[in-house]
>>> print(open('coords.pdb').read())   # PDB, C-alpha atoms (C1' of nucleotides)
MODEL        1
ATOM      1  CA  MET A   1       6.237   4.322 -24.367
ATOM      2  CA  SER A   2       9.480   3.037 -25.859
ATOM      3  CA  PRO A   3      11.522   6.104 -26.746
ATOM      4  CA  GLU A   4      12.162   6.471 -30.446
ATOM      5  CA  THR A   5      14.759   9.135 -29.945
ATOM      6  CA  PRO A   6      16.483  10.569 -26.896
ATOM      7  CA  ALA A   7      14.437  13.698 -27.433
ATOM      8  CA  ASP A   8      11.197  11.791 -27.076
ATOM      9  CA  TYR A   9      12.364  10.299 -23.849
ATOM     10  CA  GLU A  10      13.318  13.611 -22.334
ATOM     11  CA  LYS A  11      10.149  15.264 -23.418
ATOM     12  CA  CYS A  12       8.138  12.762 -21.481
ATOM     13  CA  ALA A  13      10.113  13.467 -18.343
ATOM     14  CA  VAL A  14       9.046  17.099 -18.364
ATOM     15  CA  GLU A  15       5.458  16.044 -18.793
ATOM     16  CA  THR A  16       5.736  13.436 -16.078
ATOM     17  CA  THR A  17       6.580  16.041 -13.496
ATOM     18  CA  LEU A  18       4.023  18.519 -14.726
ATOM     19  CA  GLU A  19       1.272  15.945 -14.556
ATOM     20  CA  LEU A  20       1.982  15.327 -10.906
ATOM     21  CA  ILE A  21       1.893  18.945  -9.825
ATOM     22  CA  ASP A  22      -0.808  20.008 -12.223
ATOM     23  CA  GLY A  23      -4.183  20.640 -10.741
ATOM     24  CA  LYS A  24      -5.622  23.956  -9.805
ATOM     25  CA  TRP A  25      -4.688  23.743  -6.145
ATOM     26  CA  LYS A  26      -1.795  21.326  -6.002
ATOM     27  CA  GLY A  27       0.837  24.006  -6.302
ATOM     28  CA  VAL A  28      -0.702  25.870  -3.414
ATOM     29  CA  VAL A  29      -0.946  22.781  -1.288
ATOM     30  CA  LEU A  30       2.615  21.700  -1.932
ATOM     31  CA  PHE A  31       3.905  25.166  -1.291
ATOM     32  CA  HIS A  32       2.264  25.415   2.093
ATOM     33  CA  LEU A  33       3.319  21.939   3.071
ATOM     34  CA  LEU A  34       6.924  22.989   2.544
ATOM     35  CA  ASP A  35       6.742  24.805   5.851
ATOM     36  CA  ALA A  36       4.475  22.731   7.983
ATOM     37  CA  THR A  37       2.227  19.794   8.521
ATOM     38  CA  LEU A  38      -1.313  21.030   8.115
ATOM     39  CA  ARG A  39      -4.803  19.832   8.866
ATOM     40  CA  PHE A  40      -7.481  19.779   6.233
ATOM     41  CA  ASN A  41      -9.152  22.997   7.258
ATOM     42  CA  GLU A  42      -5.828  24.743   7.630
ATOM     43  CA  LEU A  43      -5.140  23.930   4.002
ATOM     44  CA  ARG A  44      -8.588  25.168   3.085
ATOM     45  CA  ARG A  45      -7.852  28.504   4.658
ATOM     46  CA  ARG A  46      -4.627  28.722   2.674
ATOM     47  CA  ALA A  47      -6.417  27.908  -0.545
ATOM     48  CA  PRO A  48      -9.455  30.135  -0.357
ATOM     49  CA  GLY A  49     -11.539  29.502  -3.413
ATOM     50  CA  ALA A  50     -10.994  25.785  -3.421
ATOM     51  CA  THR A  51     -14.114  23.912  -2.486
ATOM     52  CA  GLN A  52     -14.026  21.031  -0.048
ATOM     53  CA  ARG A  53     -14.717  18.525  -2.747
ATOM     54  CA  VAL A  54     -11.967  19.696  -5.057
ATOM     55  CA  LEU A  55      -9.396  20.134  -2.326
ATOM     56  CA  THR A  56     -10.107  16.639  -1.071
ATOM     57  CA  LYS A  57      -9.726  15.254  -4.531
ATOM     58  CA  GLN A  58      -6.412  16.942  -5.173
ATOM     59  CA  LEU A  59      -5.075  15.865  -1.816
ATOM     60  CA  ARG A  60      -6.017  12.291  -2.573
ATOM     61  CA  GLU A  61      -4.229  12.492  -5.874
ATOM     62  CA  LEU A  62      -1.120  13.876  -4.233
ATOM     63  CA  GLU A  63      -1.324  11.051  -1.740
ATOM     64  CA  ALA A  64      -1.805   8.451  -4.470
ATOM     65  CA  ASP A  65       1.219   9.811  -6.296
ATOM     66  CA  GLY A  66       3.281   9.487  -3.162
ATOM     67  CA  LEU A  67       3.999  13.176  -2.712
ATOM     68  CA  VAL A  68       1.944  13.729   0.405
ATOM     69  CA  ILE A  69       1.255  11.646   3.481
ATOM     70  CA  ARG A  70      -2.206  11.666   5.008
ATOM     71  CA  THR A  71      -2.579  10.714   8.635
ATOM     72  CA  VAL A  72      -5.981  10.180  10.196
ATOM     73  CA  TYR A  73      -6.381  10.383  13.952
ATOM     74  CA  ALA A  74      -9.314   8.514  15.419
ATOM     75  CA  GLU A  75     -10.728  11.467  17.304
ATOM     76  CA  VAL A  76     -13.893  13.460  17.405
ATOM     77  CA  PRO A  77     -14.050  15.892  15.806
ATOM     78  CA  PRO A  78     -11.845  14.213  13.211
ATOM     79  CA  ARG A  79      -8.253  15.250  12.773
ATOM     80  CA  VAL A  80      -6.413  14.596   9.547
ATOM     81  CA  GLU A  81      -2.930  15.825   8.934
ATOM     82  CA  TYR A  82      -1.142  16.297   5.662
ATOM     83  CA  ARG A  83       2.584  16.526   5.218
ATOM     84  CA  LEU A  84       5.132  16.085   2.457
ATOM     85  CA  SER A  85       6.518  12.616   1.947
ATOM     86  CA  PRO A  86      10.263  12.204   1.432
ATOM     87  CA  LEU A  87       9.543  12.089  -2.280
ATOM     88  CA  GLY A  88       7.476  15.239  -2.011
ATOM     89  CA  GLU A  89      10.389  16.854  -0.203
ATOM     90  CA  THR A  90      12.501  16.382  -3.317
ATOM     91  CA  LEU A  91      10.138  18.739  -5.112
ATOM     92  CA  ARG A  92      11.103  21.553  -2.776
ATOM     93  CA  PRO A  93      13.616  23.249  -5.091
ATOM     94  CA  ILE A  94      11.119  23.105  -7.929
ATOM     95  CA  ILE A  95       8.288  24.573  -5.880
ATOM     96  CA  VAL A  96      10.550  27.311  -4.616
ATOM     97  CA  ALA A  97      11.711  28.035  -8.170
ATOM     98  CA  LEU A  98       8.131  28.178  -9.425
ATOM     99  CA  LYS A  99       7.259  30.581  -6.674
ATOM    100  CA  SER A 100      10.116  32.958  -7.235
ATOM    101  CA  TRP A 101       9.701  32.907 -11.001
ATOM    102  CA  GLY A 102       6.003  33.648 -10.616
ATOM    103  CA  THR A 103       6.730  36.488  -8.241
ATOM    104  CA  ALA A 104       9.175  38.036 -10.688
ATOM    105  CA  TYR A 105       6.720  37.566 -13.531
ATOM    106  CA  LYS A 106       3.962  39.340 -11.663
ATOM    107  CA  GLU A 107       6.225  42.189 -10.709
ATOM    108  CA  ARG A 108       7.311  42.532 -14.304
ATOM    109  CA  GLN A 109       3.690  42.738 -15.353
ATOM    110  CA  LEU A 110       2.988  45.413 -12.799
ATOM    111  CA  GLY A 111       5.920  47.377 -14.138
ATOM    112  CA  GLU A 112       4.670  47.076 -17.687
ATOM    113  CA  ARG A 113       1.210  48.166 -16.728
ATOM    114  CA  ALA A 114       2.593  51.129 -14.845
ATOM    115  CA  ALA A 115       4.622  52.138 -17.893
ATOM    116  CA  ALA A 116       1.527  52.051 -20.077
TER     117      ALA A 116
ATOM    118  CA  MET T   1      -6.461  39.531  -5.708
ATOM    119  CA  SER T   2      -5.230  41.706  -2.856
ATOM    120  CA  PRO T   3      -3.232  39.440  -0.597
ATOM    121  CA  GLU T   4      -4.697  38.999   2.827
ATOM    122  CA  THR T   5      -1.591  37.377   4.188
ATOM    123  CA  PRO T   6       1.930  36.911   2.852
ATOM    124  CA  ALA T   7       1.082  33.223   2.450
ATOM    125  CA  ASP T   8      -1.774  34.046   0.108
ATOM    126  CA  TYR T   9       0.497  36.124  -2.022
ATOM    127  CA  GLU T  10       3.136  33.463  -2.328
ATOM    128  CA  LYS T  11       0.623  30.790  -3.098
ATOM    129  CA  CYS T  12      -0.563  32.736  -6.087
ATOM    130  CA  ALA T  13       2.968  33.018  -7.401
ATOM    131  CA  VAL T  14       3.304  29.258  -7.628
ATOM    132  CA  GLU T  15       0.022  29.071  -9.467
ATOM    133  CA  THR T  16       0.994  31.894 -11.770
ATOM    134  CA  THR T  17       3.949  29.968 -13.100
ATOM    135  CA  LEU T  18       2.094  26.703 -13.320
ATOM    136  CA  GLU T  19      -0.688  28.280 -15.310
ATOM    137  CA  LEU T  20       1.774  29.474 -17.918
ATOM    138  CA  ILE T  21       3.485  26.153 -18.470
ATOM    139  CA  ASP T  22       0.399  24.041 -17.981
ATOM    140  CA  GLY T  23      -1.082  22.537 -21.069
ATOM    141  CA  LYS T  24      -0.569  19.058 -22.338
ATOM    142  CA  TRP T  25       2.205  19.952 -24.765
ATOM    143  CA  LYS T  26       3.687  23.159 -23.433
ATOM    144  CA  GLY T  27       6.332  21.416 -21.402
ATOM    145  CA  VAL T  28       7.461  19.489 -24.451
ATOM    146  CA  VAL T  29       7.526  22.572 -26.611
ATOM    147  CA  LEU T  30       9.483  24.627 -24.132
ATOM    148  CA  PHE T  31      11.919  21.835 -23.552
ATOM    149  CA  HIS T  32      12.725  21.461 -27.212
ATOM    150  CA  LEU T  33      12.986  25.174 -27.734
ATOM    151  CA  LEU T  34      15.722  25.260 -25.118
ATOM    152  CA  ASP T  35      18.076  23.848 -27.707
ATOM    153  CA  ALA T  36      16.955  25.326 -30.964
ATOM    154  CA  THR T  37      14.652  27.471 -33.004
ATOM    155  CA  LEU T  38      12.142  25.152 -34.610
ATOM    156  CA  ARG T  39       9.587  25.276 -37.364
ATOM    157  CA  PHE T  40       6.029  24.210 -36.780
ATOM    158  CA  ASN T  41       6.386  20.760 -38.280
ATOM    159  CA  GLU T  42       9.637  20.193 -36.460
ATOM    160  CA  LEU T  43       7.812  20.770 -33.229
ATOM    161  CA  ARG T  44       5.073  18.436 -34.367
ATOM    162  CA  ARG T  45       7.601  15.697 -34.887
ATOM    163  CA  ARG T  46       8.943  16.254 -31.391
ATOM    164  CA  ALA T  47       5.488  16.118 -29.900
ATOM    165  CA  PRO T  48       4.014  13.098 -31.612
ATOM    166  CA  GLY T  49       0.461  12.716 -30.425
ATOM    167  CA  ALA T  50      -0.288  16.413 -30.450
ATOM    168  CA  THR T  51      -2.643  17.329 -33.228
ATOM    169  CA  GLN T  52      -2.100  20.350 -35.407
ATOM    170  CA  ARG T  53      -4.990  22.180 -33.875
ATOM    171  CA  VAL T  54      -3.909  21.653 -30.305
ATOM    172  CA  LEU T  55      -0.255  22.333 -30.946
ATOM    173  CA  THR T  56      -1.165  25.552 -32.708
ATOM    174  CA  LYS T  57      -3.322  26.600 -29.819
ATOM    175  CA  GLN T  58      -0.671  25.972 -27.226
ATOM    176  CA  LEU T  59       1.955  27.781 -29.280
ATOM    177  CA  ARG T  60      -0.323  30.767 -29.561
ATOM    178  CA  GLU T  61      -0.853  30.777 -25.826
ATOM    179  CA  LEU T  62       2.878  30.616 -25.215
ATOM    180  CA  GLU T  63       3.278  33.489 -27.622
ATOM    181  CA  ALA T  64       0.513  35.498 -25.974
ATOM    182  CA  ASP T  65       2.145  34.955 -22.592
ATOM    183  CA  GLY T  66       5.418  36.255 -23.964
ATOM    184  CA  LEU T  67       7.389  33.050 -23.543
ATOM    185  CA  VAL T  68       7.814  32.225 -27.189
ATOM    186  CA  ILE T  69       8.420  34.298 -30.288
ATOM    187  CA  ARG T  70       6.713  33.365 -33.529
ATOM    188  CA  THR T  71       8.235  34.553 -36.767
ATOM    189  CA  VAL T  72       6.397  34.183 -40.040
ATOM    190  CA  TYR T  73       8.330  34.312 -43.295
ATOM    191  CA  ALA T  74       6.363  35.346 -46.353
ATOM    192  CA  GLU T  75       7.323  32.344 -48.406
ATOM    193  CA  VAL T  76       5.606  29.531 -50.147
ATOM    194  CA  PRO T  77       5.302  26.991 -48.723
ATOM    195  CA  PRO T  78       4.971  28.934 -45.496
ATOM    196  CA  ARG T  79       7.757  28.985 -42.967
ATOM    197  CA  VAL T  80       7.102  29.804 -39.343
ATOM    198  CA  GLU T  81       9.758  29.643 -36.715
ATOM    199  CA  TYR T  82       9.359  29.418 -32.988
ATOM    200  CA  ARG T  83      11.983  30.293 -30.431
ATOM    201  CA  LEU T  84      12.154  31.201 -26.780
ATOM    202  CA  SER T  85      11.806  34.847 -25.911
ATOM    203  CA  PRO T  86      14.191  36.353 -23.369
ATOM    204  CA  LEU T  87      11.463  35.826 -20.796
ATOM    205  CA  GLY T  88      11.068  32.244 -21.894
ATOM    206  CA  GLU T  89      14.797  31.820 -21.500
ATOM    207  CA  THR T  90      14.434  32.588 -17.818
ATOM    208  CA  LEU T  91      12.355  29.445 -17.502
ATOM    209  CA  ARG T  92      15.317  27.325 -18.543
ATOM    210  CA  PRO T  93      16.393  26.258 -15.057
ATOM    211  CA  ILE T  94      12.816  25.314 -14.219
ATOM    212  CA  ILE T  95      12.349  23.261 -17.363
ATOM    213  CA  VAL T  96      15.635  21.516 -16.771
ATOM    214  CA  ALA T  97      14.665  20.829 -13.169
ATOM    215  CA  LEU T  98      11.289  19.436 -14.216
ATOM    216  CA  LYS T  99      12.987  17.185 -16.698
ATOM    217  CA  SER T 100      15.555  15.782 -14.330
ATOM    218  CA  TRP T 101      13.044  15.309 -11.545
ATOM    219  CA  GLY T 102      10.735  13.475 -13.920
ATOM    220  CA  THR T 103      13.559  11.275 -15.115
ATOM    221  CA  ALA T 104      14.470  10.339 -11.558
ATOM    222  CA  TYR T 105      10.828   9.696 -10.748
ATOM    223  CA  LYS T 106      10.409   7.360 -13.661
ATOM    224  CA  GLU T 107      13.576   5.483 -12.818
ATOM    225  CA  ARG T 108      12.423   5.145  -9.248
ATOM    226  CA  GLN T 109       9.148   3.664 -10.466
ATOM    227  CA  LEU T 110      10.984   1.182 -12.662
ATOM    228  CA  GLY T 111      13.057   0.141  -9.669
ATOM    229  CA  GLU T 112       9.955  -0.345  -7.548
ATOM    230  CA  ARG T 113       8.283  -2.414 -10.219
ATOM    231  CA  ALA T 114      11.382  -4.545 -10.631
ATOM    232  CA  ALA T 115      11.458  -5.157  -6.894
ATOM    233  CA  ALA T 116       7.846  -6.333  -6.923
TER     234      ALA T 116
ATOM    235  C1'  DG U   1      -3.512  20.184 -65.230
ATOM    236  C1'  DC U   2      -2.534  17.843 -61.025
ATOM    237  C1'  DC U   3      -0.342  16.836 -56.905
ATOM    238  C1'  DC U   4       2.816  18.034 -53.176
ATOM    239  C1'  DA U   5       4.271  20.529 -49.055
ATOM    240  C1'  DT U   6       3.576  23.936 -45.112
ATOM    241  C1'  DA U   7       1.016  25.976 -41.604
ATOM    242  C1'  DG U   8      -2.622  26.538 -40.478
ATOM    243  C1'  DT U   9      -8.529  27.063 -39.540
ATOM    244  C1'  DG U  10     -13.317  25.445 -38.601
ATOM    245  C1'  DA U  11     -17.006  22.353 -37.058
ATOM    246  C1'  DC U  12     -18.039  19.086 -34.009
ATOM    247  C1'  DC U  13     -17.630  15.947 -29.900
ATOM    248  C1'  DG U  14     -16.441  13.522 -25.635
ATOM    249  C1'  DT U  15     -13.976  13.601 -21.358
ATOM    250  C1'  DT U  16     -12.131  15.799 -17.655
ATOM    251  C1'  DT U  17     -11.990  19.400 -14.431
ATOM    252  C1'  DG U  18     -13.623  22.218 -11.246
ATOM    253  C1'  DG U  19     -17.612  24.418  -8.849
ATOM    254  C1'  DA U  20     -22.284  24.807  -6.254
ATOM    255  C1'  DT U  21     -24.976  22.834  -3.002
ATOM    256  C1'  DA U  22     -26.607  19.782   0.264
ATOM    257  C1'  DC U  23     -25.834  16.034   3.231
ATOM    258  C1'  DT U  24     -23.310  12.807   6.764
ATOM    259  C1'  DA U  25     -21.231  11.083  11.624
ATOM    260  C1'  DT U  26     -19.634  12.057  16.085
ATOM    261  C1'  DT U  27     -19.209  14.225  20.511
ATOM    262  C1'  DG U  28     -18.403  18.151  23.628
ATOM    263  C1'  DG U  29     -20.293  22.394  25.177
ATOM    264  C1'  DA U  30     -24.131  26.094  26.193
TER     265       DA U  30
ATOM    266  C1'  DT L   1     -31.687  19.566  23.923
ATOM    267  C1'  DC L   2     -29.680  21.744  20.386
ATOM    268  C1'  DC L   3     -25.733  23.563  18.166
ATOM    269  C1'  DA L   4     -20.973  23.782  16.625
ATOM    270  C1'  DA L   5     -16.792  21.854  14.647
ATOM    271  C1'  DT L   6     -14.125  18.553  11.524
ATOM    272  C1'  DA L   7     -13.460  16.104   7.440
ATOM    273  C1'  DG L   8     -15.413  14.601   4.520
ATOM    274  C1'  DT L   9     -19.545  12.404   0.430
ATOM    275  C1'  DA L  10     -23.133  12.673  -3.003
ATOM    276  C1'  DT L  11     -25.340  14.784  -6.801
ATOM    277  C1'  DC L  12     -25.656  17.716 -10.368
ATOM    278  C1'  DC L  13     -23.840  21.185 -13.605
ATOM    279  C1'  DA L  14     -20.949  24.250 -16.729
ATOM    280  C1'  DA L  15     -16.831  25.291 -18.854
ATOM    281  C1'  DA L  16     -12.393  24.028 -20.419
ATOM    282  C1'  DC L  17      -9.561  20.976 -22.767
ATOM    283  C1'  DG L  18      -8.039  18.004 -26.026
ATOM    284  C1'  DG L  19      -9.031  15.053 -30.163
ATOM    285  C1'  DT L  20     -10.932  13.838 -34.965
ATOM    286  C1'  DC L  21     -11.759  15.078 -39.385
ATOM    287  C1'  DA L  22     -12.184  17.950 -43.157
ATOM    288  C1'  DC L  23     -10.870  22.085 -45.378
ATOM    289  C1'  DT L  24      -7.847  26.276 -46.981
ATOM    290  C1'  DA L  25      -3.993  29.141 -49.772
ATOM    291  C1'  DT L  26       0.010  29.297 -52.523
ATOM    292  C1'  DG L  27       3.546  28.165 -55.799
ATOM    293  C1'  DG L  28       6.897  24.578 -57.636
ATOM    294  C1'  DG L  29       7.693  20.154 -59.947
ATOM    295  C1'  DC L  30       6.091  16.400 -63.133
TER     296       DC L  30
ENDMDL
END
>>> encode(input="coords.pdb", output="structure tokens")
Amino acid sequence: MSPETPADYEKCAVETTLELIDGKWKGVVLFHLLDATLRFNELRRRAPGATQRVLTKQLRELEADGLVIRTVYAEVPPRVEYRLSPLGETLRPIIVALKSWGTAYKERQLGERAAA
Amino acid sequence: MSPETPADYEKCAVETTLELIDGKWKGVVLFHLLDATLRFNELRRRAPGATQRVLTKQLRELEADGLVIRTVYAEVPPRVEYRLSPLGETLRPIIVALKSWGTAYKERQLGERAAA
DNA sequence: GCCCATAGTGACCGTTTGGATACTATTGGA
DNA sequence: TCCAATAGTATCCAAACGGTCACTATGGGC
């Protein structure tokens, strides 16, 4: 891990961030938690296509990485809420940037397809 | 793919971007191409750990997605140069943001470990 | 004639990732 | 009494991903 050159060090930093937000549904989860605290099934509805098992796993990873806070209420039926941690909050500009870039990219593609 | 709600649409946009820059070495490659046009082996040196096969594959994906331009010179020994496309250039603020966030994250972790 | 360098490709393999499906506990309501 | 809802687990499976190793073409230098 000791950086041989400054370039090596900086390279790793890009990867570090990507590893944390990489996972098929993590982007979706983080994006929706920007606006609100959500319960498990609310997240499921916002990530249609994600199975329970996978969504659970990704949420646990986000929690383990300190980006998301999971709060369990001792009720029946169970209630579990997910929200961004302060650290997760610092990702906000990045998530927003990813979203707007992706939107522009998709629109560009539509334009190209229309032209063809 | 037709969005059922605005939220669904926006979610996909985050994923769209992540899918393009996801890949173990794509972040590294893009980061280094921010500064310079690089030959294949120059990129290899900046991504130590990536094998030829994998690096080639990721470069081809970046090329196919229109983020990177690959130029082959008919020389011997071969010379192939990689540089950001105009579209890839538009990722610059995101790459820079990922890098600085990752740097801060790693420093934070060092601080925590030192405190423990 | 042989080796070097560059920028790959091809065969093979193991791990990780995500997905399908079925199952659980608890309690309030019909 | 039986069913529904929530937030999961458990088990099994397929595909994707990355890694290792060997191999290629070409022309210049020794």
>>> closest_residue(input="coords.pdb", among="T:Gln52, T:Gln58, T:Thr71, T:Asn41", to="Lys26 of chain T", atoms="only C-alpha atoms")
T:Gln58
>>> axis_aligned_box(input="coords.pdb", around="segment 15-19 of chain L", padding_each_side="6 Å", output="AutoDock Vina command-line options")
--center_x -12.4 --center_y 20.2 --center_z -24.5 --size_x 20.8 --size_y 22.2 --size_z 23.3
>>> atom_distance(input="coords.pdb", atom1="atom CA of Ala104 of chain T", atom2="atom CA of Gly88 of chain A")
12.8 Å
>>> resolve_selection(input="coords.pdb", expression="the PyMOL selection byres ((chain T) within 7 of (chain A))", output="number ranges by chain")
T: 8, 10-11, 13-17, 27-28, 31, 46, 94, 97-99, 101-103
>>> write_last_selection(input="coords.pdb", atoms="C-alpha atoms", output="mmCIF file, in the frame of the given file")
data_model
loop_
_atom_site.group_PDB
_atom_site.id
_atom_site.type_symbol
_atom_site.label_atom_id
_atom_site.label_comp_id
_atom_site.auth_asym_id
_atom_site.auth_seq_id
_atom_site.Cartn_x
_atom_site.Cartn_y
_atom_site.Cartn_z
ATOM 1 C CA ASP T 8 -1.774 34.046 0.108
ATOM 2 C CA GLU T 10 3.136 33.463 -2.328
ATOM 3 C CA LYS T 11 0.623 30.790 -3.098
ATOM 4 C CA ALA T 13 2.968 33.018 -7.401
ATOM 5 C CA VAL T 14 3.304 29.258 -7.628
ATOM 6 C CA GLU T 15 0.022 29.071 -9.467
ATOM 7 C CA THR T 16 0.994 31.894 -11.770
ATOM 8 C CA THR T 17 3.949 29.968 -13.100
ATOM 9 C CA GLY T 27 6.332 21.416 -21.402
ATOM 10 C CA VAL T 28 7.461 19.489 -24.451
ATOM 11 C CA PHE T 31 11.919 21.835 -23.552
ATOM 12 C CA ARG T 46 8.943 16.254 -31.391
ATOM 13 C CA ILE T 94 12.816 25.314 -14.219
ATOM 14 C CA ALA T 97 14.665 20.829 -13.169
ATOM 15 C CA LEU T 98 11.289 19.436 -14.216
ATOM 16 C CA LYS T 99 12.987 17.185 -16.698
ATOM 17 C CA TRP T 101 13.044 15.309 -11.545
ATOM 18 C CA GLY T 102 10.735 13.475 -13.920
ATOM 19 C CA THR T 103 13.559 11.275 -15.115
#
>>> resolve_selection(input="coords.pdb", expression="the PyMOL selection byres ((chain L) within 9 of (chain T))", output="compact mmCIF listing (two decimals) with C-alpha atoms (C1' of nucleotides), in the coordinates of the input")
# COMPACT_ATOMS: atom_id res chain seq x y z
C1' DC L 17 -9.56 20.98 -22.77
C1' DG L 18 -8.04 18.00 -26.03
C1' DG L 19 -9.03 15.05 -30.16
C1' DT L 26 0.01 29.30 -52.52
C1' DG L 27 3.55 28.16 -55.80
>>> atom_distance(input="coords.pdb", atom1="atom CA of Ser85 of chain T", atom2="atom CA of Val72 of chain T")
15.1 Å
>>> closest_residue(input="coords.pdb", among="L:DA10, L:DA16, L:DC2, L:DA25", to="DT6 of chain U", atoms="all atoms listed in the file")
L:DA25
>>> atom_distance(input="coords.pdb", atom1="atom CA of Arg83 of chain T", atom2="atom CA of Leu38 of chain T")
6.6 Å
>>> interface_residues(input="coords.pdb", of="chain U", to="chain A", cutoff="7 Å", atoms="all atoms listed in the file", output="list in words")
DG18, DT26 and DT27 of chain U
>>> resolve_selection(input="coords.pdb", expression="the PyMOL selection byres ((chain L and resi 11) around 9)", output="number ranges by chain")
U: 21-22; L: 10, 12
>>> residues_around(input="coords.pdb", residues="Pro86 of chain T", least_positions_apart="3", cutoff="9 Å", atoms="only C-alpha atoms (C1' of nucleotides)", output="ChimeraX atom specification")
/T:66-68,89-90
>>> residues_around(input="coords.pdb", residues="DC3 of chain L", least_positions_apart="6", cutoff="12 Å", atoms="only C-alpha atoms (C1' of nucleotides)", output="compact mmCIF listing (two decimals) with C-alpha atoms (C1' of nucleotides), keeping the file's coordinate frame")
# COMPACT_ATOMS: atom_id res chain seq x y z
C1' DT U 27 -19.21 14.22 20.51
C1' DG U 28 -18.40 18.15 23.63
C1' DG U 29 -20.29 22.39 25.18
C1' DA U 30 -24.13 26.09 26.19
